[in-house]
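Following: one structure in structure tokens, then a few remarks.
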Amino acid sequence: MEKLRRVVKEIAYVQDYTKLSTLHQSLIPILSLASSLYRVVLSIRHYLYHFGFFSKHRLPVPVISVGNLTWGGNGKTPMVEFISSWLADSGISPLILTRGYAGGDEARMLTRHLRGKAVKIGVGANRAATAACFFKRHGYVDPRDYLVEGKWHEQKEGSRIDSRKVGVVVLDDGMQHWSLQRDIEIVMVNGLTPWGNHQILPLGPLREPLKALGRADVVVIHHANLVSEHNLRDIKLMIREVKKSLRIFFTRMSPSHFFEVGNINTRIPLDILCNGVVLCVSAIGSAKAFVQGIKKMGTLYVDQLDFSDHHSLQDTDIEIIRMKLKELEDKFGSMPVVVITEKDYDRDPEILRHLSPYKVMALCSELQIIPCRDNGDDDFKKLLKELVENAGHDTTTRAT
């Protein structure tokens with residue numbers, strides 16, 4: 001199954017099918033048929049929601065949705081963390097709603113990163129029911145209650161107010177979660193691989209046609225620091241063709257340090273990899289940016305083993321990794337270091353210990369807004385603040 005996922009992903013991101021192997025090309029008619037069926041199902045689902053056959057649940061507080069049009073690697077979870085941390089530091093207690101897909105690695109990472117802040121995390125496929133449980137337990141408030149002389153009240157960073165009532169819901173991976181109404185739609189785009197072959201799943205990476213960008217309030221091009229100016233312009237032009245008024249921001253992942261598996265409290269500086277041999281192991285949506293970042297740390301050589309998004313490592317995978325490490329050790333005459341992402345660590349920290357005596361380190365990074373004219377960090381927060389405040393004016397009529 002893992003091999004099939006890899007083949008499907010390779011097809012989804014190739015522009016010229018003639019360059020594919022015979023095996024890959026033999027799958028295209030099947031994937032094309034499946035994509036056509038998926039498109040029909042998507043249209044029927046949209047029709048049922050649009051004409052009220054399926055109801056949309058309205059929560060009593062503003063909802064910020066962070067989603068994407070393609071499968072993983074778009075920076076959704078880092079953006080959810082960025083927004084939630086800022087809200088908490090601004091005096092508003094957010095509730096993150098995440099489905100906890102594939103063991104809940106993202107939820108565990110968010111819990112670690114946001115510990116000590118007035119942020120609550122609800123995990124469950126039924127987001128409305130999960131939110132209702134938190135509202136019943138903690139209560140909720142109108143965000144306008146936090147306005148002081150037209151400005152949000154700023155709390156001291158690091159202070160803990162667990163008793164805060166929920167003021168805003170942040171919906172992780174929410175773009176296709178149509179059963180829950182939202183006030184702000186943020187769409188993340190992977191700048192390195194924005195639309196793949198422009199086809200709908202499973203022939204391509206698109207969950208919906210590009211015209212779905214018309215529902216967005218904000219588009220964020222992630223990994224923009226690794227994308228050429230020319231390609232960034234092309235991505236922006238394509239977005240603006242769908243909706244001219246969209247605000248577009250750029251983000252990057254900024255590495256801060258490593259920690260060693262088995263001792264999460266260590267803070268190992270980034271220069272430890274200088275002149276070293278590294279094997280990047282990951283099961284994330286897009287490993288390209290992760291590997292490129294490691295290569296920029298002055299390493300002697302970087303190899304990689306990629307698994308499909310959310311894949312849980314098995315004993316057979318550990319053996320494959322150990323074989324690759326032995327090859328690198330024989331080739332370079334020194335023990336290579338395994339580097340993983342935090343998501344990979346949170347998925348299953350115990351199995352990684354089976355790679356001993358090889359050292360395994362997790363790379364810690366945080367999302368940053370890249371300044372660009374009037375679309376910098378402060379501008380992003382100001383826009384969100386305005387959208388949340390405007391949404392807050394409607395909560396009096398929909399709160400129950």
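Chains: A, B, ... in order of the structure tokens. Residues: from 1 per chain. Ligands: from 1, in order shown.
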Would you please extract all alpha helix (DSSP H) residues from stretch 119-356 of chain A, as assigned by DSSP on the backbone, and give them as a PyMOL selection string?
chain A and resi 127-138+229-242+288-295+315-332+342-347
Which residues, written as an MDAnalysis selection string, have at least one atom at most 10 Å from A:Leu226, with only C-alpha atoms counted and residues fewer than 2 positions away on the same chain left out?
chainID A and resid 191:192 222:224 228:229 232 252 288:289 292:293
List as a VMD selection string the protein and nucleic acid residues near stretch 296-298 of chain A, meaning an atom at most 9 Å away when only C-alpha atoms are counted, but skip any in the same chain fewer than 6 places from it.
chain A and resid 270 to 276
Select from stretch 310-382 of chain A every residue with an atom at most 10 Å from any atom of stretch 62-85 of chain A, then for each give the shortest pair of atoms and their distance in Å to one decimal, using only C-alpha atoms, rows by chain and rising number, as CSV.
```
residue,atom,partner,partner_atom,distance
A:His310,CA,A:Gly72,CA,9.4
A:Lys343,CA,A:Thr77,CA,10.0
A:Ser365,CA,A:Pro78,CA,9.0
A:Glu366,CA,A:Pro78,CA,6.9
A:Leu367,CA,A:Pro78,CA,5.8
A:Gln368,CA,A:Phe82,CA,8.3
A:Ile369,CA,A:Phe82,CA,9.7
A:Phe380,CA,A:Ile83,CA,9.9
A:Lys381,CA,A:Ile83,CA,8.4
```
Which residue is closest to A:Glu185? Choose from A:Arg215, A:His24, A:His57, A:Arg127 and count only C-alpha atoms.
A:Arg215
Contact residues around A:Lys211 with only C-alpha atoms at 12 Å, ignoring same-chain residues under 4 positions, as a list in words:
Leu69, His198, Leu206, Arg207, Arg215, Ala216, Met238, Ile239, Arg240, Glu241, Val242 and Lys243 of chain A
Could the residues in this selection be saved with C-alpha atoms as an mmCIF file, in the first residue's frame?
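Result saved to part_8.cif:
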```cif
data_model
loop_
_atom_site.group_PDB
_atom_site.id
_atom_site.type_symbol
_atom_site.label_atom_id
_atom_site.label_comp_id
_atom_site.auth_asym_id
_atom_site.auth_seq_id
_atom_site.Cartn_x
_atom_site.Cartn_y
_atom_site.Cartn_z
ATOM 1 C CA LEU A 69 -6.905 22.683 -1.956
ATOM 2 C CA HIS A 198 -3.963 20.390 -11.922
ATOM 3 C CA LEU A 206 -6.506 18.704 -5.893
ATOM 4 C CA ARG A 207 -9.274 18.122 -3.349
ATOM 5 C CA ARG A 215 -14.462 31.040 -1.167
ATOM 6 C CA ALA A 216 -11.207 32.202 0.444
ATOM 7 C CA MET A 238 -3.359 32.106 -11.074
ATOM 8 C CA ILE A 239 -4.900 32.921 -7.685
ATOM 9 C CA ARG A 240 -5.960 36.400 -8.813
ATOM 10 C CA GLU A 241 -7.581 34.932 -11.927
ATOM 11 C CA VAL A 242 -10.004 33.166 -9.595
ATOM 12 C CA LYS A 243 -10.548 36.060 -7.172
#
```
A:Pro29: which residues within 12 Å, counting only C-alpha atoms, same-chain residues fewer than 6 positions away excluded, as a VMD selection string?
chain A and resid 11 17 23 35 to 36 202 to 203
Let's have the selection written as a PDB file, in the first residue's frame, with C-alpha atoms.
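Contents of again35.pdb, freshly written:
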```pdb
ATOM      1  CA  ILE A  11       1.768  10.753 -11.031  1.00  0.00           C
ATOM      2  CA  TYR A  17       3.060  11.551 -18.534  1.00  0.00           C
ATOM      3  CA  LEU A  23       3.704   0.868 -14.344  1.00  0.00           C
ATOM      4  CA  SER A  35     -11.151  11.306 -10.494  1.00  0.00           C
ATOM      5  CA  SER A  36     -14.211  11.712 -12.730  1.00  0.00           C
ATOM      6  CA  PRO A 202      -6.713  10.665  -7.099  1.00  0.00           C
ATOM      7  CA  LEU A 203      -5.235  11.417 -10.542  1.00  0.00           C
TER       8      LEU A 203
END
```
Could you pull out the residues in stretch 141-292 of chain A that DSSP calls strand (DSSP E or B) from the backbone, as a PyMOL selection string?
chain A and resi 147-148+151-152+166-172+180+184-190+200+206+218-222+247-260+263-268+277-282
Give me, as a ChimeraX atom specification, all polymer residues having an atom no more than 10 Å from A:Ala287, counting only C-alpha atoms and skipping those fewer than 3 positions away in the same chain.
/A:73,280-284,290-292,304-309,341
Suppose we keep N, CA, C and O atoms; can you now write the selection as a compact mmCIF listing (two decimals), in the first residue's frame?
```txt
# COMPACT_ATOMS: atom_id res chain seq x y z
N GLY A 73 1.30 19.05 3.30
CA GLY A 73 2.53 19.79 3.05
C GLY A 73 2.34 21.26 2.78
O GLY A 73 3.23 21.92 2.25
N CYS A 280 17.65 12.17 6.11
CA CYS A 280 16.34 12.76 6.44
C CYS A 280 15.26 11.69 6.26
O CYS A 280 15.12 11.15 5.16
N VAL A 281 14.53 11.41 7.31
CA VAL A 281 13.45 10.43 7.27
C VAL A 281 12.16 11.15 7.63
O VAL A 281 12.07 11.80 8.68
N SER A 282 11.16 11.05 6.77
CA SER A 282 9.92 11.78 7.04
C SER A 282 8.71 11.08 6.43
O SER A 282 8.83 10.37 5.44
N ALA A 283 7.57 11.30 7.06
CA ALA A 283 6.27 10.84 6.54
C ALA A 283 5.32 12.02 6.63
O ALA A 283 4.39 12.05 7.43
N ILE A 284 5.61 13.03 5.81
CA ILE A 284 4.85 14.27 5.80
C ILE A 284 4.34 14.53 4.38
O ILE A 284 4.74 13.85 3.44
N PHE A 290 11.65 20.38 3.79
CA PHE A 290 12.37 19.85 4.94
C PHE A 290 13.80 19.49 4.56
O PHE A 290 14.76 19.90 5.22
N VAL A 291 13.96 18.76 3.46
CA VAL A 291 15.29 18.32 3.02
C VAL A 291 16.13 19.51 2.56
O VAL A 291 17.32 19.61 2.88
N GLN A 292 15.51 20.44 1.83
CA GLN A 292 16.25 21.63 1.39
C GLN A 292 16.78 22.42 2.57
O GLN A 292 17.89 22.95 2.54
N GLN A 304 17.83 10.93 1.76
CA GLN A 304 16.48 10.99 2.29
C GLN A 304 15.69 9.71 2.05
O GLN A 304 15.92 9.01 1.06
N LEU A 305 14.78 9.41 2.96
CA LEU A 305 13.81 8.34 2.83
C LEU A 305 12.45 8.94 3.13
O LEU A 305 12.22 9.44 4.23
N ASP A 306 11.57 8.93 2.15
CA ASP A 306 10.25 9.55 2.30
C ASP A 306 9.17 8.48 2.33
O ASP A 306 9.17 7.55 1.53
N PHE A 307 8.25 8.65 3.26
CA PHE A 307 7.07 7.79 3.34
C PHE A 307 5.84 8.67 3.12
O PHE A 307 5.92 9.90 3.19
N SER A 308 4.70 8.06 2.88
CA SER A 308 3.48 8.83 2.62
C SER A 308 3.05 9.57 3.89
O SER A 308 3.41 9.19 5.01
N ASP A 309 2.28 10.62 3.70
CA ASP A 309 1.86 11.49 4.80
C ASP A 309 1.15 10.69 5.89
O ASP A 309 0.27 9.88 5.61
N THR A 341 11.15 15.22 11.33
CA THR A 341 10.36 16.40 11.69
C THR A 341 9.68 16.15 13.04
O THR A 341 9.59 15.01 13.50
```
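Of the residues under consideration (A:Glu342, A:Glu329, A:Glu319, A:Asp173), A:Glu342 shows the shortest atom-to-atom contact distance to A:His257 when counting only C-alpha atoms.
Residues lying within 8 Å of A:Lys9, counting only C-alpha atoms and ignoring same-chain neighbours fewer than 4 positions away, are Arg5, Tyr13, Gly204 and Pro205 of chain A.
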Resulting file, chosen residues, N, CA, C and O atoms, as a short mmCIF file (atom, residue, chain, number, x, y, z; two decimals), in the first residue's frame:
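Output saved as out-v3.cif:
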```
data_model
loop_
_atom_site.label_atom_id
_atom_site.label_comp_id
_atom_site.auth_asym_id
_atom_site.auth_seq_id
_atom_site.Cartn_x
_atom_site.Cartn_y
_atom_site.Cartn_z
N ARG A 5 0.84 4.29 -2.78
CA ARG A 5 0.67 5.71 -2.45
C ARG A 5 1.79 6.55 -3.07
O ARG A 5 1.55 7.65 -3.57
N TYR A 13 2.15 14.75 -9.45
CA TYR A 13 3.00 15.94 -9.55
C TYR A 13 3.88 15.96 -10.79
O TYR A 13 4.80 16.77 -10.89
N GLY A 204 -4.78 13.58 -9.56
CA GLY A 204 -3.96 14.72 -9.19
C GLY A 204 -4.08 14.99 -7.69
O GLY A 204 -4.77 14.26 -6.97
N PRO A 205 -3.47 16.07 -7.21
CA PRO A 205 -3.49 16.36 -5.78
C PRO A 205 -4.64 17.25 -5.32
O PRO A 205 -4.78 17.51 -4.12
#
```
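Closest approach to A:Leu97 from the set A:Thr130, A:Thr111, A:Ser179, A:Ser356 is made by A:Thr130, with distances taken over only C-alpha atoms.
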